[in-house]
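Source file: target10.txt (compact mmCIF, C-alpha atoms)
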```txt
# COMPACT_ATOMS: atom_id res chain seq x y z
CA MET A 19 0.00 0.00 0.00
CA ARG A 20 1.90 3.03 -1.27
CA ARG A 21 -0.18 5.65 0.52
CA VAL A 22 -3.03 5.26 3.01
CA ARG A 23 -3.80 8.76 4.21
CA LEU A 24 -6.65 10.13 6.27
CA THR A 25 -6.98 13.91 6.33
CA GLY A 26 -8.56 15.96 9.09
CA GLU A 27 -9.15 19.63 8.29
CA LEU A 28 -10.51 22.10 10.82
CA LYS A 29 -11.69 25.65 10.22
CA ILE A 30 -12.44 27.60 13.41
CA ASN A 31 -13.27 30.77 11.49
CA ASP A 32 -11.91 32.81 8.58
CA PHE A 33 -8.76 33.47 10.60
CA VAL A 34 -7.81 30.12 12.21
CA SER A 35 -7.67 26.78 10.41
CA GLY A 36 -5.54 23.65 10.46
CA LYS A 37 -4.83 20.22 9.01
CA VAL A 38 -3.59 16.84 10.23
CA GLN A 39 -2.77 14.01 7.82
CA PRO A 40 -1.34 10.69 9.07
CA ASP A 41 -0.11 8.07 6.58
CA PHE A 42 -0.52 4.33 7.26
CA GLY A 43 1.12 3.18 4.03
CA GLN A 44 4.13 0.91 3.49
CA GLY A 45 3.66 -0.89 6.81
CA THR A 46 4.42 2.12 9.01
CA ILE A 47 2.60 5.05 10.56
CA SER A 48 3.96 8.53 9.88
CA LEU A 49 2.69 12.08 10.01
CA LYS A 50 2.54 14.09 6.79
CA ASP A 51 0.85 17.48 7.08
CA ALA A 52 0.24 18.84 10.57
CA TYR A 53 -0.17 22.58 10.94
CA VAL A 54 -2.13 25.59 12.16
CA ARG A 55 -2.79 28.43 9.69
CA LEU A 56 -3.62 32.06 10.42
CA THR A 57 -5.19 33.89 7.47
CA PHE A 58 -4.83 37.63 7.91
CA SER A 59 -5.88 38.28 4.30
CA PRO A 60 -5.53 36.60 0.88
CA ALA A 61 -2.25 38.51 0.58
CA PHE A 62 -0.78 37.21 3.86
CA ARG A 63 -1.15 33.86 5.62
CA THR A 64 1.08 32.28 8.27
CA THR A 65 1.41 28.53 8.76
CA PHE A 66 3.08 26.81 11.74
CA GLY A 67 3.92 23.11 11.85
CA GLN A 68 4.83 20.49 9.25
CA PHE A 69 4.11 21.23 5.60
CA LYS A 70 5.60 21.03 2.12
CA ARG A 71 8.45 23.44 1.48
CA PRO A 72 7.56 25.84 -1.36
CA PHE A 73 10.04 24.70 -4.00
CA ASP A 74 9.47 22.93 -7.31
CA LEU A 75 6.17 22.46 -9.12
CA PHE A 76 6.33 18.66 -9.21
CA GLU A 77 6.61 18.27 -5.43
CA LEU A 78 3.87 20.80 -4.76
CA THR A 79 1.41 18.86 -6.94
CA SER A 80 -0.76 16.70 -4.68
CA SER A 81 -0.10 12.96 -4.68
CA THR A 82 -3.77 12.52 -5.63
CA GLN A 83 -3.17 14.48 -8.84
CA ILE A 84 0.43 13.82 -9.91
CA LEU A 85 0.54 12.85 -13.57
CA VAL A 86 2.90 9.87 -13.05
CA VAL A 87 2.70 7.04 -10.52
CA GLU A 88 5.95 8.02 -8.74
CA ARG A 89 7.52 11.48 -8.69
CA ALA A 90 11.06 10.17 -8.19
CA GLY A 91 10.63 7.24 -10.59
CA ASP A 92 12.19 4.66 -8.28
CA ILE A 93 13.31 1.47 -10.01
CA ARG A 94 14.07 -1.49 -7.78
CA GLY A 95 17.78 -2.35 -7.69
CA VAL A 96 18.98 0.93 -9.24
CA ASP A 97 21.21 2.96 -6.91
CA ALA A 98 23.13 5.02 -9.44
CA CYS A 99 22.75 8.68 -8.47
CA ALA A 100 25.74 10.02 -6.53
CA GLY A 101 24.82 11.11 -3.03
CA VAL A 102 21.10 10.39 -3.27
CA GLY A 103 20.89 6.88 -4.73
CA GLY A 104 18.16 5.64 -7.04
CA VAL A 105 17.77 7.09 -10.52
CA CYS A 106 18.87 10.67 -11.19
CA SER A 107 15.40 12.16 -11.65
CA LEU A 108 14.60 15.76 -10.76
CA SER A 109 12.35 14.83 -7.83
CA ARG A 110 14.85 12.29 -6.50
CA LEU A 111 17.48 15.02 -6.27
CA THR A 112 15.26 17.73 -4.75
CA GLU A 113 13.70 15.32 -2.22
CA LYS A 114 16.87 13.61 -1.00
CA LEU A 115 18.82 16.88 -0.89
CA GLN A 116 15.93 18.25 1.23
CA PHE A 117 15.21 21.28 -0.88
CA SER A 118 11.62 20.08 -1.33
CA ASP A 119 9.05 17.86 0.41
CA ARG A 120 7.89 18.28 4.01
CA ASP A 121 9.70 19.94 6.91
CA ILE A 122 8.88 21.57 10.25
CA GLY A 123 8.85 25.34 10.66
CA VAL A 124 6.92 28.45 9.65
CA LEU A 125 5.56 29.42 6.24
CA ILE A 126 4.18 32.71 4.93
CA ASP A 127 2.31 32.92 1.64
CA GLY A 128 -0.29 34.90 -0.22
CA SER A 129 -1.55 36.24 -3.54
CA ASN A 130 -2.60 39.52 -5.08
CA ALA A 131 -6.22 40.60 -5.54
CA THR A 132 -6.67 38.72 -8.83
CA GLY A 133 -4.78 35.63 -7.72
CA ALA A 134 -2.45 35.87 -10.71
CA PHE A 135 0.65 36.44 -8.58
CA GLU A 136 1.50 34.14 -5.66
CA TYR A 137 4.42 34.03 -3.28
CA SER A 138 5.53 31.74 -0.46
CA ALA A 139 8.55 31.52 1.83
CA SER A 140 9.44 29.14 4.64
CA LEU A 141 11.94 28.92 7.50
CA THR A 142 12.34 25.30 8.63
CA ASN A 143 14.58 22.92 10.56
CA GLY A 144 15.98 21.40 7.38
CA THR A 145 15.84 17.80 8.64
CA GLY A 146 12.60 16.74 6.94
CA GLU A 147 9.32 15.39 8.23
CA ASN A 148 8.99 14.14 11.82
CA ALA A 149 12.64 14.81 12.58
CA PRO A 150 14.18 17.05 15.27
CA ASP A 151 16.61 19.79 14.33
CA GLU A 152 20.24 18.64 14.26
CA ASN A 153 21.88 22.04 14.81
CA GLY A 154 21.04 25.64 15.56
CA ALA A 155 20.74 26.67 11.91
CA LYS A 156 17.59 26.94 9.78
CA SER A 157 16.79 26.37 6.11
CA PHE A 158 15.06 28.87 3.82
CA THR A 159 12.85 28.12 0.82
CA GLY A 160 11.03 30.61 -1.38
CA ARG A 161 8.86 30.52 -4.47
CA VAL A 162 6.93 32.95 -6.67
CA GLY A 163 4.40 32.14 -9.37
CA TYR A 164 2.64 34.21 -12.01
CA GLU A 165 -0.37 33.23 -14.11
CA VAL A 166 0.45 34.62 -17.55
CA THR A 167 -2.89 33.50 -19.01
CA ASP A 168 -5.73 31.31 -17.79
CA ASN A 169 -3.83 28.20 -18.85
CA VAL A 170 -0.16 29.19 -18.41
CA THR A 171 1.64 29.69 -15.09
CA ILE A 172 5.36 30.28 -14.62
CA GLY A 173 7.30 29.92 -11.39
CA ALA A 174 10.73 30.45 -9.88
CA ASN A 175 12.18 29.01 -6.68
CA PHE A 176 15.20 29.30 -4.40
CA ALA A 177 16.42 27.33 -1.39
CA LEU A 178 19.17 27.63 1.19
CA HIS A 179 19.57 24.35 3.05
CA ASP A 180 21.65 23.91 6.20
CA TYR A 181 23.52 20.65 6.82
CA PRO A 182 26.07 19.50 9.43
CA ASP A 183 29.71 20.31 8.77
CA PRO A 184 31.38 16.97 7.83
CA LEU A 185 34.23 17.69 10.27
CA PHE A 186 32.34 19.41 13.09
CA ALA A 187 28.73 18.20 13.16
CA ALA A 188 27.67 20.96 15.56
CA ASN A 189 28.54 23.56 12.94
CA ALA A 190 26.37 24.26 9.91
CA GLU A 191 27.20 24.49 6.23
CA TYR A 192 24.77 25.77 3.61
CA ALA A 193 23.79 24.43 0.19
CA THR A 194 21.86 26.48 -2.36
CA ALA A 195 19.47 25.48 -5.11
CA PHE A 196 17.35 27.40 -7.58
CA GLY A 197 15.04 26.63 -10.46
CA ALA A 198 12.18 27.61 -12.71
CA ASP A 199 9.12 25.85 -14.07
CA ILE A 200 6.06 26.27 -16.24
CA GLU A 201 2.63 24.68 -16.25
CA ILE A 202 0.33 24.72 -19.27
CA GLY A 203 -3.20 23.43 -18.90
CA ASP A 204 -4.81 21.86 -15.85
CA PHE A 205 -6.15 18.57 -14.47
CA SER A 206 -9.53 18.75 -16.21
CA GLU A 207 -9.17 17.70 -19.87
CA GLY A 208 -6.98 18.22 -22.91
CA LEU A 209 -3.22 18.82 -23.02
CA HIS A 210 -1.41 19.37 -19.72
CA ILE A 211 2.32 20.15 -19.54
CA GLN A 212 4.56 20.52 -16.50
CA ALA A 213 8.22 21.36 -17.12
CA GLY A 214 11.05 22.55 -14.88
CA VAL A 215 14.77 22.80 -14.30
CA VAL A 216 16.70 22.84 -11.01
CA ALA A 217 20.39 23.37 -10.22
CA GLY A 218 22.41 23.66 -7.05
CA ASP A 219 24.73 22.08 -4.50
CA ASN A 220 24.71 18.30 -4.06
CA TRP A 221 25.72 18.41 -0.40
CA ARG A 222 25.38 14.64 -0.05
CA ASN A 223 28.19 14.21 -2.57
CA LEU A 224 31.14 16.01 -1.01
CA ILE A 225 34.44 16.25 -2.87
CA ALA A 226 37.33 17.47 -0.72
CA GLY A 227 34.69 18.69 1.73
CA GLN A 228 32.80 20.70 -0.90
CA PRO A 229 29.47 19.72 -2.51
CA SER A 230 29.39 18.91 -6.20
CA ASN A 231 27.07 20.88 -8.49
CA PHE A 232 23.94 19.11 -9.71
CA LEU A 233 21.61 19.89 -12.60
CA ALA A 234 18.24 18.32 -13.40
CA ALA A 235 15.40 18.94 -15.84
CA GLN A 236 12.03 17.33 -16.36
CA VAL A 237 8.98 17.59 -18.60
CA ILE A 238 5.67 15.74 -18.24
CA LEU A 239 3.09 15.78 -21.02
CA ALA A 240 -0.40 14.46 -20.45
CA ASP A 241 -3.45 14.49 -22.68
CA ARG A 242 -6.82 13.57 -21.16
CA PHE A 243 -9.60 12.41 -23.45
CA PRO A 244 -13.09 12.55 -21.90
CA LEU A 245 -15.41 9.81 -23.10
CA ARG A 246 -18.43 10.94 -25.11
CA SER A 247 -20.72 8.56 -23.25
CA PRO A 248 -19.12 8.21 -19.81
CA GLY A 249 -20.18 5.29 -17.69
CA ARG A 250 -17.90 3.69 -15.14
CA VAL A 251 -14.94 5.25 -16.97
CA THR A 252 -15.06 9.02 -17.52
CA ALA A 253 -11.76 9.66 -19.31
CA VAL A 254 -8.54 8.09 -20.55
CA GLU A 255 -5.23 9.96 -20.24
CA VAL A 256 -1.91 9.35 -22.00
CA VAL A 257 1.24 10.43 -20.10
CA ILE A 258 4.89 10.84 -21.11
CA ARG A 259 7.71 11.98 -18.80
CA ILE A 260 11.35 12.67 -19.55
CA SER A 261 13.53 13.42 -16.53
CA TRP A 262 17.27 13.97 -16.72
CA GLY A 263 19.71 14.46 -13.88
CA ASP A 264 23.44 14.95 -13.35
CA PRO A 265 24.61 14.76 -9.71
CA ASN A 266 28.05 16.20 -10.52
CA THR A 267 28.34 18.46 -13.54
CA ASP A 268 32.15 18.34 -13.32
CA LEU A 269 32.17 14.57 -13.84
CA SER A 270 30.98 12.86 -17.01
CA GLY A 271 29.11 9.58 -17.10
CA ASP A 272 27.44 9.71 -13.67
CA GLY A 273 23.96 10.90 -14.65
CA GLY A 274 21.22 9.61 -16.86
CA SER A 275 17.65 9.97 -18.03
CA LEU A 276 14.36 8.44 -16.95
CA THR A 277 11.61 8.00 -19.54
CA THR A 278 8.08 7.21 -18.44
CA SER A 279 5.16 6.30 -20.67
CA GLY A 280 1.77 5.55 -19.25
CA VAL A 281 -1.99 5.42 -19.39
CA VAL A 282 -4.42 6.60 -16.72
CA VAL A 283 -8.00 5.38 -16.61
CA HIS A 284 -10.19 7.93 -14.80
CA PHE A 285 -13.37 7.03 -12.97
CA THR A 286 -15.06 9.81 -11.01
CA GLY A 287 -13.30 12.63 -9.15
CA ARG A 288 -9.68 11.69 -8.42
CA ASN A 289 -10.36 7.96 -8.47
CA LYS A 290 -8.30 6.30 -11.18
CA LEU A 291 -5.96 3.52 -12.27
CA GLY A 292 -2.44 4.44 -13.43
CA ILE A 293 -0.07 2.25 -15.46
CA ASN A 294 3.53 3.41 -16.02
CA LEU A 295 6.39 1.78 -17.92
CA GLU A 296 9.70 3.40 -16.99
CA PHE A 297 13.15 3.08 -18.50
CA TRP A 298 16.33 4.26 -16.78
CA ASP A 299 19.08 5.06 -19.28
CA PRO A 300 22.36 5.84 -17.47
CA SER A 301 25.15 7.82 -19.13
CA THR A 302 27.29 4.70 -18.88
CA GLY A 303 26.27 1.10 -18.41
CA LEU A 304 23.06 -0.82 -18.96
CA GLY A 305 19.58 0.49 -18.35
CA ASP A 306 16.66 -0.90 -16.34
CA LEU A 307 12.92 -1.21 -16.82
CA SER A 308 10.09 -0.90 -14.31
CA LEU A 309 6.36 -1.52 -14.63
CA LYS A 310 4.16 0.26 -12.09
CA ILE A 311 0.41 -0.19 -11.68
CA GLN A 312 -1.35 1.84 -9.02
CA SER A 313 -4.98 2.36 -8.07
CA TYR A 314 -6.24 5.56 -6.44
CA LEU A 315 -9.21 5.76 -4.09
CA HIS A 316 -9.97 9.35 -3.09
CA PHE A 317 -12.94 10.54 -1.06
```

Would you write the structure of this file as structure tokens?
Amino acid sequence: MRRVRLTGELKINDFVSGKVQPDFGQGTISLKDAYVRLTFSPAFRTTFGQFKRPFDLFELTSSTQILVVERAGDIRGVDACAGVGGVCSLSRLTEKLQFSDRDIGVLIDGSNATGAFEYSASLTNGTGENAPDENGAKSFTGRVGYEVTDNVTIGANFALHDYPDPLFAANAEYATAFGADIEIGDFSEGLHIQAGVVAGDNWRNLIAGQPSNFLAAQVILADRFPLRSPGRVTAVEVVIRISWGDPNTDLSGDGGSLTTSGVVVHFTGRNKLGINLEFWDPSTGLGDLSLKIQSYLHF
């Protein structure tokens, strides 16, 4: 069971709200979202607790709506990406280097009157979900987004992540990352494109005490075809992803690309069945295949 999540949302009034989301998947119990939010106005909200850091578009897309079965594209037995393991996909790098995904801290966000411009910034422990801080330093993540038209949104992001000094663990070093992305279309019907690029310090791959520089890019294209006479099945969606990553831009032959092709059968709402065939093509050596089939029950 990949994810088994129950969500509790509470709204005291227009000012105070909150969310708690435990996950019972993969044979363990863990806490995902857990926060209190104060909404002063649409232009300024403050969130305290555990939440997703505001970084890349792919991580901020809900797991009930992501276009592929797995963001990171894990393939069993592949441990090829320097510092982070697995395949060198964009999400694998941003997650394992802790620039994205959940953390504990404080978040501020908001939008302008029309909702076309959005901003968010967080100050967090930097150790990830359900983990205590390991030093006295904090990590910063920021993102801005602008809706160019009704169907096109562009975004930019920046992160400053603290990590223990390899020689003196009580001291903190800092790794930076930045990126940009674009989203065309939405999750209703027709063509939907998500594309982004991220670069920064691979602090899990230290060379003479200094992090290597990583670079990753990804594009996901999906086309949803609603059925003319919907019954049990409401739509069929075709998905293609190409994700490329290089964990050390100064070293050749250590990266690779992940290609995903898939079909999604939609029922009602976010209930669906996803089938993905993924191929990992390393810069050197032999590739690997993975077939993933996942059902989604959302209510």

Q | Length of the atom CA of A:Ala139 to atom CA of A:Tyr164 vector [Å] | A | 15.3 Å

Q. Using only C-alpha atoms, which residue out of A:Gly208, A:Gly123, A:Gly103, A:Gly146 lies closest to A:Leu49?
A.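 That would be A:Gly146, the residue with the smallest distance to A:Leu49.
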
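Between atom CA of A:Leu85 and atom CA of A:Lys290 the separation is 11.3 Å.
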
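Minimum atom-to-atom distances from A:Leu307, A:Leu233, A:Ala240, A:Val54 to A:Gly273 were compared using all atoms listed in the file, and the lowest value belongs to A:Leu233.
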
(Q) So that I can check the surroundings of A:Thr57, please list as a list of chain:residue names every protein, DNA and RNA residue that reaches within 12 Å of it, counting all atoms listed in the file and ignoring chain neighbours fewer than 3 positions away. (A)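 Listed by chain and then number, they are A:Lys29, A:Ile30, A:Asn31, A:Asp32, A:Phe33, A:Val34, A:Ser35, A:Gly36, A:Val54, A:Pro60, A:Ala61, A:Phe62, A:Arg63, A:Thr64, A:Thr65, A:Phe66, A:Leu125, A:Ile126, A:Asp127, A:Gly128, A:Ser129.
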
Q) Using all atoms listed in the file, which of A:Gly91, A:Ala213, A:Ala195, A:Phe135 sits nearest A:Leu295? A)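 Of A:Gly91, A:Ala213, A:Ala195, A:Phe135, the one nearest A:Leu295, counting all atoms listed in the file, is A:Gly91.
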
Q: May I ask for the distance between atom CA of A:Leu56 and atom CA of A:Thr82, given in Å to one decimal place?
A: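 Taking atom CA of A:Leu56 as the start and atom CA of A:Thr82 as the end point, the length is 25.3 Å.
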
Q) Nearest to A:Val256 among A:Asp268, A:Asp74, A:Glu165, A:Asp241, with distances taken over all atoms listed in the file: which residue is it? A)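 Answer, going by the shortest atom-to-atom distance: A:Asp241.
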
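By chain and then residue number, the residues within 10 Å of A:Gly95 are Gly104, Val105 and Asp306 of chain A, counting all atoms listed in the file and disregarding those fewer than 4 positions away in sequence.
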
Q: Considering only C-alpha atoms, return as JSON, numbers by chain whatever protein or nucleic-acid residues lie within 6 Å of stretch 176-188 of chain A, sequence-local ones (same chain, fewer than 5 positions apart) excluded.
A: {"A": [153, 157, 158, 159, 160, 193, 194, 195, 196]}
